[in-house]
Structures are given as structure tokens and as C-alpha cells.
file final-v7.cif (mmCIF, N, CA and C atoms)
data_upload
loop_
_atom_site.label_atom_id
_atom_site.label_comp_id
_atom_site.auth_asym_id
_atom_site.auth_seq_id
_atom_site.Cartn_x
_atom_site.Cartn_y
_atom_site.Cartn_z
N MET R 1 105.52 127.98 150.63
CA MET R 1 106.57 128.33 149.70
C MET R 1 107.89 127.76 150.21
N LYS R 2 108.59 127.08 149.33
CA LYS R 2 109.82 126.43 149.70
C LYS R 2 111.02 127.34 149.45
N ARG R 3 111.93 127.36 150.39
CA ARG R 3 113.13 128.20 150.26
C ARG R 3 114.18 127.51 149.42
N SER R 4 115.00 128.32 148.75
CA SER R 4 116.12 127.74 148.02
C SER R 4 117.17 127.27 149.03
N LYS R 5 118.09 126.47 148.58
CA LYS R 5 119.12 125.93 149.48
C LYS R 5 119.99 127.04 150.06
N VAL R 6 120.28 128.04 149.26
CA VAL R 6 121.11 129.16 149.72
C VAL R 6 120.37 129.95 150.79
N LYS R 7 119.11 130.26 150.52
CA LYS R 7 118.32 131.01 151.50
C LYS R 7 118.18 130.23 152.80
N GLN R 8 117.97 128.92 152.68
CA GLN R 8 117.83 128.08 153.87
C GLN R 8 119.13 128.07 154.67
N ALA R 9 120.26 127.98 153.98
CA ALA R 9 121.56 127.99 154.66
C ALA R 9 121.79 129.33 155.38
N GLN R 10 121.43 130.43 154.73
CA GLN R 10 121.56 131.75 155.36
C GLN R 10 120.67 131.87 156.59
N TYR R 11 119.44 131.36 156.48
CA TYR R 11 118.51 131.40 157.60
C TYR R 11 119.05 130.56 158.76
N ASN R 12 119.54 129.37 158.45
CA ASN R 12 120.09 128.49 159.50
C ASN R 12 121.27 129.15 160.20
N ARG R 13 122.12 129.80 159.44
CA ARG R 13 123.29 130.46 160.03
C ARG R 13 122.87 131.61 160.94
N GLN R 14 121.94 132.41 160.47
CA GLN R 14 121.46 133.54 161.28
C GLN R 14 120.78 133.05 162.55
N HIS R 15 120.01 131.97 162.42
CA HIS R 15 119.32 131.40 163.58
C HIS R 15 120.32 130.86 164.60
N ARG R 16 121.36 130.21 164.11
CA ARG R 16 122.40 129.65 164.99
C ARG R 16 123.14 130.78 165.71
N ILE R 17 123.47 131.84 164.99
CA ILE R 17 124.16 132.98 165.61
C ILE R 17 123.28 133.64 166.65
N TYR R 18 121.98 133.70 166.38
CA TYR R 18 121.05 134.26 167.36
C TYR R 18 121.08 133.42 168.64
N LYS R 19 121.11 132.11 168.50
CA LYS R 19 121.18 131.23 169.67
C LYS R 19 122.47 131.47 170.45
N TYR R 20 123.59 131.63 169.74
CA TYR R 20 124.86 131.89 170.41
C TYR R 20 124.79 133.19 171.22
N LYS R 21 124.19 134.22 170.62
CA LYS R 21 124.09 135.51 171.31
C LYS R 21 123.20 135.41 172.55
N VAL R 22 122.13 134.63 172.46
CA VAL R 22 121.25 134.43 173.61
C VAL R 22 122.00 133.73 174.73
N ILE R 23 122.77 132.70 174.39
CA ILE R 23 123.54 131.97 175.39
C ILE R 23 124.52 132.91 176.08
N ARG R 24 125.24 133.71 175.29
CA ARG R 24 126.21 134.64 175.87
C ARG R 24 125.54 135.65 176.80
N GLN R 25 124.41 136.18 176.34
CA GLN R 25 123.70 137.19 177.13
C GLN R 25 123.20 136.61 178.46
N PHE R 26 122.57 135.44 178.43
CA PHE R 26 122.03 134.86 179.66
C PHE R 26 123.14 134.40 180.60
N HIS R 27 124.26 133.99 180.03
CA HIS R 27 125.38 133.59 180.88
C HIS R 27 125.97 134.80 181.59
N GLU R 28 126.14 135.91 180.84
CA GLU R 28 126.74 137.12 181.43
C GLU R 28 125.79 137.81 182.42
N GLU R 29 124.53 137.92 182.06
CA GLU R 29 123.59 138.67 182.89
C GLU R 29 123.04 137.87 184.07
N ARG R 30 122.76 136.60 183.84
CA ARG R 30 122.09 135.82 184.87
C ARG R 30 122.93 134.68 185.42
N GLY R 31 124.07 134.44 184.81
CA GLY R 31 124.96 133.40 185.32
C GLY R 31 124.50 131.99 185.02
N TRP R 32 123.67 131.83 184.01
CA TRP R 32 123.17 130.49 183.66
C TRP R 32 124.32 129.66 183.09
N SER R 33 124.21 128.37 183.25
CA SER R 33 125.23 127.45 182.79
C SER R 33 125.24 127.34 181.27
N ILE R 34 126.41 127.49 180.70
CA ILE R 34 126.55 127.37 179.24
C ILE R 34 126.23 125.95 178.80
N LYS R 35 126.68 125.00 179.57
CA LYS R 35 126.44 123.59 179.23
C LYS R 35 124.95 123.29 179.15
N ASP R 36 124.18 123.76 180.13
CA ASP R 36 122.74 123.51 180.14
C ASP R 36 122.03 124.22 178.99
N MET R 37 122.40 125.47 178.74
CA MET R 37 121.76 126.21 177.65
C MET R 37 122.06 125.59 176.29
N CYS R 38 123.29 125.12 176.11
CA CYS R 38 123.65 124.48 174.84
C CYS R 38 122.85 123.21 174.63
N SER R 39 122.67 122.44 175.68
CA SER R 39 121.91 121.20 175.53
C SER R 39 120.44 121.50 175.26
N ILE R 40 119.88 122.53 175.90
CA ILE R 40 118.47 122.89 175.66
C ILE R 40 118.27 123.38 174.23
N LEU R 41 119.20 124.20 173.74
CA LEU R 41 119.10 124.75 172.39
C LEU R 41 119.65 123.83 171.31
N LYS R 42 120.14 122.66 171.73
CA LYS R 42 120.69 121.64 170.81
C LYS R 42 121.85 122.18 169.98
N ILE R 43 122.79 122.76 170.71
CA ILE R 43 124.02 123.29 170.11
C ILE R 43 125.18 122.67 170.86
N SER R 44 126.21 122.26 170.14
CA SER R 44 127.39 121.72 170.83
C SER R 44 128.16 122.86 171.50
N ARG R 45 128.71 122.56 172.65
CA ARG R 45 129.49 123.59 173.35
C ARG R 45 130.70 124.00 172.55
N ALA R 46 131.28 123.04 171.83
CA ALA R 46 132.47 123.34 171.03
C ALA R 46 132.15 124.39 169.96
N SER R 47 131.00 124.25 169.31
CA SER R 47 130.66 125.24 168.28
C SER R 47 130.38 126.60 168.91
N TYR R 48 129.78 126.61 170.11
CA TYR R 48 129.55 127.89 170.79
C TYR R 48 130.87 128.57 171.12
N TYR R 49 131.80 127.81 171.69
CA TYR R 49 133.09 128.41 172.07
C TYR R 49 133.90 128.82 170.84
N LYS R 50 133.75 128.07 169.76
CA LYS R 50 134.43 128.45 168.52
C LYS R 50 133.89 129.79 168.03
N TRP R 51 132.57 129.95 168.08
CA TRP R 51 131.96 131.22 167.69
C TRP R 51 132.39 132.35 168.63
N LEU R 52 132.43 132.06 169.91
CA LEU R 52 132.76 133.06 170.91
C LEU R 52 134.19 133.58 170.73
N ASN R 53 135.12 132.70 170.39
CA ASN R 53 136.53 133.07 170.27
C ASN R 53 136.95 133.43 168.85
N LYS R 54 136.00 133.43 167.93
CA LYS R 54 136.33 133.70 166.53
C LYS R 54 136.65 135.18 166.34
N LYS R 55 137.73 135.44 165.62
CA LYS R 55 138.09 136.81 165.26
C LYS R 55 137.32 137.20 164.01
N PRO R 56 136.84 138.40 163.97
CA PRO R 56 136.12 138.83 162.76
C PRO R 56 137.04 138.82 161.54
N MET R 57 136.50 138.39 160.43
CA MET R 57 137.27 138.30 159.20
C MET R 57 137.72 139.68 158.74
N GLU R 58 136.95 140.70 159.06
CA GLU R 58 137.30 142.05 158.63
C GLU R 58 138.65 142.48 159.20
N ASP R 59 138.93 142.07 160.45
CA ASP R 59 140.20 142.43 161.07
C ASP R 59 141.36 141.78 160.32
N LYS R 60 141.18 140.52 159.96
CA LYS R 60 142.23 139.82 159.21
C LYS R 60 142.43 140.45 157.85
N ASN R 61 141.32 140.78 157.18
CA ASN R 61 141.42 141.39 155.86
C ASN R 61 142.02 142.78 155.93
N SER R 62 141.66 143.55 156.94
CA SER R 62 142.21 144.91 157.03
C SER R 62 143.71 144.88 157.27
N LEU R 63 144.17 143.92 158.07
CA LEU R 63 145.61 143.76 158.28
C LEU R 63 146.30 143.39 156.98
N LEU R 64 145.69 142.49 156.25
CA LEU R 64 146.26 142.05 154.97
C LEU R 64 146.27 143.20 153.95
N ILE R 65 145.21 144.00 153.94
CA ILE R 65 145.16 145.14 153.02
C ILE R 65 146.27 146.14 153.36
N LYS R 66 146.51 146.37 154.64
CA LYS R 66 147.60 147.27 155.04
C LYS R 66 148.95 146.75 154.55
N GLN R 67 149.16 145.44 154.70
CA GLN R 67 150.42 144.84 154.22
C GLN R 67 150.54 145.01 152.70
N ILE R 68 149.46 144.78 151.98
CA ILE R 68 149.48 144.92 150.53
C ILE R 68 149.80 146.36 150.14
N GLN R 69 149.18 147.32 150.81
CA GLN R 69 149.43 148.73 150.49
C GLN R 69 150.88 149.12 150.77
N GLU R 70 151.44 148.61 151.89
CA GLU R 70 152.85 148.91 152.21
C GLU R 70 153.77 148.35 151.15
N ILE R 71 153.52 147.13 150.72
CA ILE R 71 154.37 146.50 149.69
C ILE R 71 154.23 147.27 148.37
N CYS R 72 153.02 147.70 148.05
CA CYS R 72 152.81 148.47 146.82
C CYS R 72 153.59 149.78 146.84
N GLU R 73 153.56 150.46 147.97
CA GLU R 73 154.28 151.73 148.08
C GLU R 73 155.78 151.54 147.97
N LYS R 74 156.30 150.48 148.58
CA LYS R 74 157.74 150.23 148.55
C LYS R 74 158.22 149.85 147.15
N ASN R 75 157.35 149.21 146.37
CA ASN R 75 157.75 148.71 145.06
C ASN R 75 157.12 149.46 143.90
N ASN R 76 156.74 150.70 144.14
CA ASN R 76 156.19 151.56 143.08
C ASN R 76 155.02 150.91 142.34
N ARG R 77 154.22 150.16 143.07
CA ARG R 77 153.02 149.51 142.53
C ARG R 77 153.32 148.62 141.33
N LEU R 78 154.42 147.91 141.37
CA LEU R 78 154.79 147.05 140.25
C LEU R 78 154.34 145.60 140.42
N PHE R 79 153.83 145.24 141.58
CA PHE R 79 153.47 143.84 141.81
C PHE R 79 152.02 143.59 141.42
N GLY R 80 151.82 142.49 140.68
CA GLY R 80 150.48 142.00 140.44
C GLY R 80 150.11 141.06 141.58
N TYR R 81 148.97 140.41 141.45
CA TYR R 81 148.53 139.57 142.56
C TYR R 81 149.42 138.34 142.76
N ARG R 82 150.05 137.85 141.71
CA ARG R 82 150.90 136.66 141.85
C ARG R 82 152.16 136.97 142.68
N LYS R 83 152.86 138.04 142.28
CA LYS R 83 154.05 138.45 143.03
C LYS R 83 153.68 138.89 144.44
N MET R 84 152.55 139.55 144.57
CA MET R 84 152.09 140.00 145.88
C MET R 84 151.83 138.80 146.78
N THR R 85 151.23 137.75 146.23
CA THR R 85 150.97 136.54 147.01
C THR R 85 152.27 135.93 147.50
N MET R 86 153.27 135.86 146.62
CA MET R 86 154.57 135.31 147.03
C MET R 86 155.20 136.16 148.13
N LYS R 87 155.14 137.47 147.97
CA LYS R 87 155.74 138.38 148.96
C LYS R 87 155.01 138.28 150.30
N ILE R 88 153.68 138.27 150.28
CA ILE R 88 152.90 138.17 151.52
C ILE R 88 153.17 136.84 152.21
N ASN R 89 153.25 135.76 151.45
CA ASN R 89 153.48 134.45 152.05
C ASN R 89 154.88 134.33 152.66
N LYS R 90 155.84 135.10 152.15
CA LYS R 90 157.18 135.10 152.75
C LYS R 90 157.19 135.77 154.11
N ILE R 91 156.38 136.82 154.27
CA ILE R 91 156.43 137.58 155.52
C ILE R 91 155.34 137.18 156.52
N SER R 92 154.32 136.46 156.09
CA SER R 92 153.23 136.13 157.01
C SER R 92 153.44 134.76 157.65
N GLU R 93 152.75 134.56 158.77
CA GLU R 93 152.85 133.30 159.50
C GLU R 93 152.10 132.18 158.78
N LYS R 94 150.90 132.50 158.30
CA LYS R 94 150.07 131.53 157.60
C LYS R 94 150.06 131.86 156.11
N PRO R 95 150.06 130.84 155.26
CA PRO R 95 149.97 131.13 153.83
C PRO R 95 148.61 131.70 153.46
N VAL R 96 148.62 132.63 152.50
CA VAL R 96 147.40 133.28 152.05
C VAL R 96 147.15 132.85 150.61
N ASN R 97 145.91 132.49 150.30
CA ASN R 97 145.56 132.04 148.96
C ASN R 97 145.62 133.19 147.97
N HIS R 98 146.07 132.87 146.74
CA HIS R 98 146.20 133.91 145.72
C HIS R 98 144.86 134.53 145.35
N LYS R 99 143.77 133.76 145.48
CA LYS R 99 142.44 134.30 145.16
C LYS R 99 142.03 135.37 146.16
N ARG R 100 142.42 135.19 147.40
CA ARG R 100 142.10 136.19 148.42
C ARG R 100 142.88 137.48 148.16
N ILE R 101 144.16 137.33 147.82
CA ILE R 101 144.99 138.50 147.50
C ILE R 101 144.39 139.24 146.30
N TYR R 102 143.99 138.49 145.28
CA TYR R 102 143.40 139.09 144.08
C TYR R 102 142.14 139.86 144.45
N ARG R 103 141.28 139.25 145.25
CA ARG R 103 140.03 139.88 145.64
C ARG R 103 140.28 141.16 146.43
N LEU R 104 141.21 141.10 147.39
CA LEU R 104 141.50 142.28 148.22
C LEU R 104 142.15 143.39 147.40
N MET R 105 143.02 143.00 146.47
CA MET R 105 143.66 144.01 145.64
C MET R 105 142.64 144.67 144.71
N SER R 106 141.71 143.90 144.19
CA SER R 106 140.71 144.50 143.30
C SER R 106 139.70 145.34 144.08
N LEU R 107 139.38 144.92 145.30
CA LEU R 107 138.48 145.72 146.13
C LEU R 107 139.12 147.04 146.54
N ASP R 108 140.39 146.99 146.83
CA ASP R 108 141.10 148.18 147.29
C ASP R 108 141.67 148.99 146.13
N LEU R 109 141.36 148.59 144.92
CA LEU R 109 141.84 149.26 143.71
C LEU R 109 143.36 149.35 143.66
N VAL R 110 144.00 148.30 144.13
CA VAL R 110 145.45 148.24 144.11
C VAL R 110 145.92 147.32 142.99
N LEU R 111 144.99 146.58 142.40
CA LEU R 111 145.34 145.62 141.36
C LEU R 111 146.02 146.32 140.20
N MET R 112 147.17 145.85 139.84
CA MET R 112 147.97 146.50 138.82
C MET R 112 147.59 146.01 137.42
N VAL R 113 147.46 146.92 136.53
CA VAL R 113 147.26 146.60 135.13
C VAL R 113 148.43 147.22 134.39
N HIS R 114 149.26 146.37 133.82
CA HIS R 114 150.46 146.87 133.15
C HIS R 114 150.11 147.25 131.72
N PRO R 115 150.50 148.42 131.28
CA PRO R 115 150.23 148.82 129.89
C PRO R 115 151.09 148.01 128.93
N LEU R 116 150.56 147.81 127.76
CA LEU R 116 151.33 147.10 126.73
C LEU R 116 152.39 148.03 126.16
N ASN R 117 153.58 147.48 126.00
CA ASN R 117 154.66 148.25 125.37
C ASN R 117 154.63 148.00 123.88
N LEU R 118 154.18 148.96 123.14
CA LEU R 118 154.10 148.79 121.67
C LEU R 118 155.21 149.50 120.97
#

call {"tool": "encode", "arguments": {"input": "final-v7.cif", "output": "C-alpha cells"}}
result
Amino acid sequence: MKRSKVKQAQYNRQHRIYKYKVIRQFHEERGWSIKDMCSILKISRASYYKWLNKKPMEDKNSLLIKQIQEICEKNNRLFGYRKMTMKINKISEKPVNHKRIYRLMSLDLVLMVHPLNL
């Protein structure tokens, strides 16, 4: 049975992460060389170190959600995702995409829906 491309990509990613965890474990417990293990497992050292030093996305998102909630409270929840994106980009070091702000606001139920004035 042949896997779909998405399933294959997920499997490859999980397999690669498993290899990274094995390398870390054997290096910490037994003192094996990272360079040798990477070459045996056919992984570049750069990708291993990138994985090792990567910050979890959840931490970045939780910080961003806190900023969004603070801005909402200060402005009586009047900002939609467009204004929120502009405000966040003014105060943050790195620019944040409007789609990410929209997604986080809708997940956190902060997304504003303005009633029609009839």
C-alpha cells in the first residue's frame, strides 16, 4: 500500500526527529561523538543543531497571544486582526504575518466582530 505525500512527509519528519532524539540521548549518556552519529544516521550536523536549539512554536504563540490580549484590554476590544497586526508589528522585534494574528485571535476567541449600525 502506497502512502500519500502528506503521510509520507509526516512519517519522514517523525523519523528524523526520532534520530535527533537518539543522537542527543547517546551523546548525553554515553558521550558519543555527535559528528560520528550524524554521519552514521545520514543527518547533517547543521540540521541536528538547528533542531536542538529550536524554540518551541507554542512559546512564541503564547507570548503573542498575551500581547494580543493586553492590547485588546487596553483598547476595549475594538481592534480587528488588521489593526492588531499593525500594533503588534510596531512593538515587536520581528514582523508578524496578518494570517498568524488572525489565526491566534480566532483560536483565542478574541477576534472582533463589529455589529452593523442600522

call {"tool": "closest_residue", "arguments": {"input": "final-v7.cif", "among": "R:Ile88, R:Ile34, R:Phe79, R:Lys54", "to": "Gln67 (chain R)", "atoms": "all atoms listed in the file"}}
result
R:Ile88

call {"tool": "closest_atom_pairs", "arguments": {"input": "final-v7.cif", "of": "region 48-116 of chain R", "to": "region 10-30 of chain R", "cutoff": "8 Å", "atoms": "only N, CA and C atoms", "output": "JSON lines"}}
result
{"residue": "R:Tyr48", "atom": "CA", "partner": "R:Tyr20", "partner_atom": "CA", "distance": 6.2}
{"residue": "R:Trp51", "atom": "CA", "partner": "R:Tyr20", "partner_atom": "CA", "distance": 7.6}
{"residue": "R:Leu52", "atom": "N", "partner": "R:Tyr20", "partner_atom": "CA", "distance": 7.6}

call {"tool": "atom_distance", "arguments": {"input": "final-v7.cif", "atom1": "CA of Leu104 (chain R)", "atom2": "atom N of Asp59 (chain R)"}}
result
12.5 Å

call {"tool": "closest_residue", "arguments": {"input": "final-v7.cif", "among": "R:Leu64, R:Ser44, R:Lys55, R:Asp36", "to": "Lys94 (chain R)", "atoms": "only C-alpha atoms"}}
result
R:Leu64

call {"tool": "atom_distance", "arguments": {"input": "final-v7.cif", "atom1": "atom C of Ser33 (chain R)", "atom2": "CA of Arg45 (chain R)"}}
result
9.7 Å

call {"tool": "atom_distance", "arguments": {"input": "final-v7.cif", "atom1": "atom C of Arg82 (chain R)", "atom2": "CA of His98 (chain R)"}}
result
7.4 Å

call {"tool": "select_by_dssp", "arguments": {"input": "final-v7.cif", "residues": "chain R", "states": "alpha helix (DSSP H)", "output": "PyMOL selection string"}}
result
chain R and resi 5-30+34-41+45-52+57-74+81-91+98-107

call {"tool": "decode", "arguments": {"input": "final-v7.cif", "residues": "region 3-16 of chain R", "atoms": "all heavy atoms", "output": "mmCIF file, in the first residue's frame"}}
result
data_model
loop_
_atom_site.group_PDB
_atom_site.id
_atom_site.type_symbol
_atom_site.label_atom_id
_atom_site.label_comp_id
_atom_site.auth_asym_id
_atom_site.auth_seq_id
_atom_site.Cartn_x
_atom_site.Cartn_y
_atom_site.Cartn_z
ATOM 1 N N ARG R 3 1.740 5.194 0.447
ATOM 2 C CA ARG R 3 1.327 6.316 1.298
ATOM 3 C C ARG R 3 1.116 7.564 0.463
ATOM 4 O O ARG R 3 1.777 7.781 -0.542
ATOM 5 C CB ARG R 3 2.397 6.626 2.339
ATOM 6 C CG ARG R 3 2.610 5.549 3.313
ATOM 7 C CD ARG R 3 3.648 5.974 4.293
ATOM 8 N NE ARG R 3 4.069 4.816 5.056
ATOM 9 C CZ ARG R 3 4.936 4.822 6.013
ATOM 10 N NH1 ARG R 3 5.525 5.942 6.343
ATOM 11 N NH2 ARG R 3 5.264 3.738 6.653
ATOM 12 N N SER R 4 0.227 8.432 0.953
ATOM 13 C CA SER R 4 0.054 9.713 0.287
ATOM 14 C C SER R 4 1.276 10.581 0.583
ATOM 15 O O SER R 4 2.060 10.300 1.498
ATOM 16 C CB SER R 4 -1.219 10.396 0.777
ATOM 17 O OG SER R 4 -1.061 10.807 2.115
ATOM 18 N N LYS R 5 1.431 11.638 -0.173
ATOM 19 C CA LYS R 5 2.593 12.517 0.009
ATOM 20 C C LYS R 5 2.597 13.163 1.389
ATOM 21 O O LYS R 5 3.643 13.320 2.015
ATOM 22 C CB LYS R 5 2.613 13.596 -1.076
ATOM 23 C CG LYS R 5 2.947 13.071 -2.438
ATOM 24 C CD LYS R 5 3.000 14.186 -3.460
ATOM 25 C CE LYS R 5 3.337 13.642 -4.826
ATOM 26 N NZ LYS R 5 3.413 14.702 -5.831
ATOM 27 N N VAL R 6 1.433 13.519 1.875
ATOM 28 C CA VAL R 6 1.336 14.152 3.194
ATOM 29 C C VAL R 6 1.723 13.156 4.283
ATOM 30 O O VAL R 6 2.502 13.475 5.179
ATOM 31 C CB VAL R 6 -0.093 14.698 3.440
ATOM 32 C CG1 VAL R 6 -0.242 15.211 4.854
ATOM 33 C CG2 VAL R 6 -0.430 15.779 2.437
ATOM 34 N N LYS R 7 1.186 11.949 4.195
ATOM 35 C CA LYS R 7 1.512 10.920 5.184
ATOM 36 C C LYS R 7 2.999 10.598 5.160
ATOM 37 O O LYS R 7 3.619 10.422 6.202
ATOM 38 C CB LYS R 7 0.709 9.637 4.918
ATOM 39 C CG LYS R 7 -0.765 9.785 5.109
ATOM 40 C CD LYS R 7 -1.118 9.533 6.537
ATOM 41 C CE LYS R 7 -2.628 9.560 6.692
ATOM 42 N NZ LYS R 7 -3.040 9.511 8.044
ATOM 43 N N GLN R 8 3.569 10.526 3.952
ATOM 44 C CA GLN R 8 4.992 10.231 3.826
ATOM 45 C C GLN R 8 5.831 11.351 4.438
ATOM 46 O O GLN R 8 6.810 11.092 5.127
ATOM 47 C CB GLN R 8 5.374 10.042 2.343
ATOM 48 C CG GLN R 8 6.808 9.609 2.145
ATOM 49 C CD GLN R 8 7.097 8.234 2.721
ATOM 50 O OE1 GLN R 8 6.278 7.333 2.625
ATOM 51 N NE2 GLN R 8 8.254 8.080 3.336
ATOM 52 N N ALA R 9 5.431 12.597 4.212
ATOM 53 C CA ALA R 9 6.159 13.730 4.788
ATOM 54 C C ALA R 9 6.082 13.712 6.315
ATOM 55 O O ALA R 9 7.077 13.972 6.993
ATOM 56 C CB ALA R 9 5.595 15.045 4.250
ATOM 57 N N GLN R 10 4.915 13.390 6.864
ATOM 58 C CA GLN R 10 4.768 13.293 8.316
ATOM 59 C C GLN R 10 5.629 12.175 8.886
ATOM 60 O O GLN R 10 6.271 12.335 9.912
ATOM 61 C CB GLN R 10 3.299 13.057 8.692
ATOM 62 C CG GLN R 10 2.416 14.245 8.468
ATOM 63 C CD GLN R 10 0.949 13.924 8.696
ATOM 64 O OE1 GLN R 10 0.556 12.760 8.747
ATOM 65 N NE2 GLN R 10 0.131 14.959 8.812
ATOM 66 N N TYR R 11 5.652 11.033 8.189
ATOM 67 C CA TYR R 11 6.464 9.906 8.633
ATOM 68 C C TYR R 11 7.947 10.281 8.606
ATOM 69 O O TYR R 11 8.674 10.008 9.557
ATOM 70 C CB TYR R 11 6.211 8.685 7.743
ATOM 71 C CG TYR R 11 7.162 7.555 8.030
ATOM 72 C CD1 TYR R 11 6.972 6.741 9.135
ATOM 73 C CD2 TYR R 11 8.255 7.318 7.203
ATOM 74 C CE1 TYR R 11 7.851 5.718 9.417
ATOM 75 C CE2 TYR R 11 9.140 6.296 7.482
ATOM 76 C CZ TYR R 11 8.934 5.503 8.578
ATOM 77 O OH TYR R 11 9.807 4.495 8.858
ATOM 78 N N ASN R 12 8.375 10.919 7.523
ATOM 79 C CA ASN R 12 9.783 11.324 7.407
ATOM 80 C C ASN R 12 10.171 12.286 8.518
ATOM 81 O O ASN R 12 11.255 12.193 9.091
ATOM 82 C CB ASN R 12 10.057 11.961 6.048
ATOM 83 C CG ASN R 12 10.020 10.946 4.932
ATOM 84 O OD1 ASN R 12 10.120 9.740 5.152
ATOM 85 N ND2 ASN R 12 9.845 11.430 3.718
ATOM 86 N N ARG R 13 9.294 13.219 8.828
ATOM 87 C CA ARG R 13 9.581 14.191 9.881
ATOM 88 C C ARG R 13 9.686 13.506 11.243
ATOM 89 O O ARG R 13 10.606 13.771 12.015
ATOM 90 C CB ARG R 13 8.494 15.260 9.904
ATOM 91 C CG ARG R 13 8.743 16.346 10.919
ATOM 92 C CD ARG R 13 7.724 17.467 10.774
ATOM 93 N NE ARG R 13 8.040 18.547 11.667
ATOM 94 C CZ ARG R 13 7.634 18.609 12.938
ATOM 95 N NH1 ARG R 13 6.885 17.664 13.438
ATOM 96 N NH2 ARG R 13 7.965 19.627 13.695
ATOM 97 N N GLN R 14 8.756 12.626 11.528
ATOM 98 C CA GLN R 14 8.784 11.909 12.808
ATOM 99 C C GLN R 14 10.028 11.040 12.915
ATOM 100 O O GLN R 14 10.651 10.965 13.980
ATOM 101 C CB GLN R 14 7.532 11.042 12.957
ATOM 102 C CG GLN R 14 6.272 11.834 13.170
ATOM 103 C CD GLN R 14 5.025 10.963 13.136
ATOM 104 O OE1 GLN R 14 5.088 9.800 12.754
ATOM 105 N NE2 GLN R 14 3.901 11.539 13.519
ATOM 106 N N HIS R 15 10.397 10.403 11.813
ATOM 107 C CA HIS R 15 11.584 9.546 11.800
ATOM 108 C C HIS R 15 12.855 10.375 12.031
ATOM 109 O O HIS R 15 13.745 9.968 12.777
ATOM 110 C CB HIS R 15 11.659 8.794 10.471
ATOM 111 C CG HIS R 15 12.696 7.735 10.430
ATOM 112 N ND1 HIS R 15 12.645 6.616 11.223
ATOM 113 C CD2 HIS R 15 13.833 7.633 9.696
ATOM 114 C CE1 HIS R 15 13.699 5.862 10.983
ATOM 115 N NE2 HIS R 15 14.434 6.449 10.054
ATOM 116 N N ARG R 16 12.912 11.545 11.405
ATOM 117 C CA ARG R 16 14.068 12.436 11.559
ATOM 118 C C ARG R 16 14.173 12.928 13.006
ATOM 119 O O ARG R 16 15.256 12.946 13.597
ATOM 120 C CB ARG R 16 13.937 13.602 10.580
ATOM 121 C CG ARG R 16 15.184 14.403 10.381
ATOM 122 C CD ARG R 16 15.054 15.433 9.253
ATOM 123 N NE ARG R 16 13.888 16.276 9.392
ATOM 124 C CZ ARG R 16 12.855 16.294 8.542
ATOM 125 N NH1 ARG R 16 12.839 15.503 7.504
ATOM 126 N NH2 ARG R 16 11.835 17.102 8.738
#
